[in-house]
Amino acid sequence: MSNPESFIDEVNEELKRDRLFATMRKYAPIAILAVIVLVGGAAWNEWRKAQATSQAQAFGDAIVTALDSEDPQAQRSALAALEGELEVGGDRAGILNLLLAATELNADQRPAAIDALEAVENNADLPSSYRQIAALKRVIIGGAEIPLDEREQVLNDLAAPGQAFRPLALEQLALLALESGDRETALSRAEALLQEADVTAALRRRVAQLIVVLGGDQPSDLG
């Protein structure tokens, strides 16, 4: 290669390097900002996760401490105090109210238990499983204090196909028919319940006893 050609190549390489460095200088602030954003975002996510873990642990520890007493009244007071001591929201509010309902019931405070369950049932921000178990418990605990048609509506919703608590709701619907004096409907509902796929052994025994009480035949698979 001749010297003029070599010189031209060297000049071209220098121009390319100059352009590269110029481009880097031009976009360097953007690149640095992007790195800062990425690093800062990662740090924020880690901090947020640490905060969430810390809050969950604090909530769990507080619940365990509140339930440590064997006195239902003391449990009830300790759980009620947590609402003011901790930032309780979302799922934790549902958990706390379900526990409050249980302790209120153990302390013979049925109206307060029903109120706690109703708070969960009506909280649209909670998972449906929380709301459904609260609705079922409220209907069972409330009994005749809740109008029969209201209980039937709640139970029919819970007994819809695919619902998690369908078998338990069907059992309550059979008992509801018996309460209203319709023994024939109660019996047919009880017998139909035994055909459900997700009936536990304990529920199957209860329903079988109900069938016998109503004058039906003892289910063959229960001897």
# chains A, B, ... in the order shown; residues from 1 in each chain; ligands from 1
call {"tool": "residues_around", "arguments": {"residues": "Val199 in chain A", "least_positions_apart": "2", "cutoff": "12 Å", "atoms": "only C-alpha atoms", "output": "PyMOL selection string"}}
result
chain A and resi 164-171+190+192-197+201-208
call {"tool": "residues_around", "arguments": {"residues": "Leu98 in chain A", "least_positions_apart": "2", "cutoff": "9 Å", "atoms": "only C-alpha atoms", "output": "PyMOL selection string"}}
result
chain A and resi 93-96+100-103+113+116-117+120+130+133-134
call {"tool": "residues_around", "arguments": {"residues": "range 145-148 of chain A", "least_positions_apart": "6", "cutoff": "12 Å", "atoms": "only C-alpha atoms", "output": "ChimeraX atom specification"}}
result
/A:110-111,114,135,138-139,154-155,172-173,175-180
call {"tool": "residues_around", "arguments": {"residues": "range 72-83 of chain A", "least_positions_apart": "2", "cutoff": "9 Å", "atoms": "only C-alpha atoms", "output": "MDAnalysis selection string"}}
result
chainID A and resid 59 62:63 65:70 85:88 93 96:97 99:107
call {"tool": "closest_residue", "arguments": {"among": "A:Asp149, A:Glu118, A:Asp217, A:Asp182", "to": "Leu136 in chain A", "atoms": "only C-alpha atoms"}}
result
A:Glu118
call {"tool": "atom_distance", "arguments": {"atom1": "CA of Asn156 in chain A", "atom2": "CA of Gln218 in chain A"}}
result
26.3 Å
call {"tool": "atom_distance", "arguments": {"atom1": "CA of Ala186 in chain A", "atom2": "CA of Leu214 in chain A"}}
result
7.9 Å
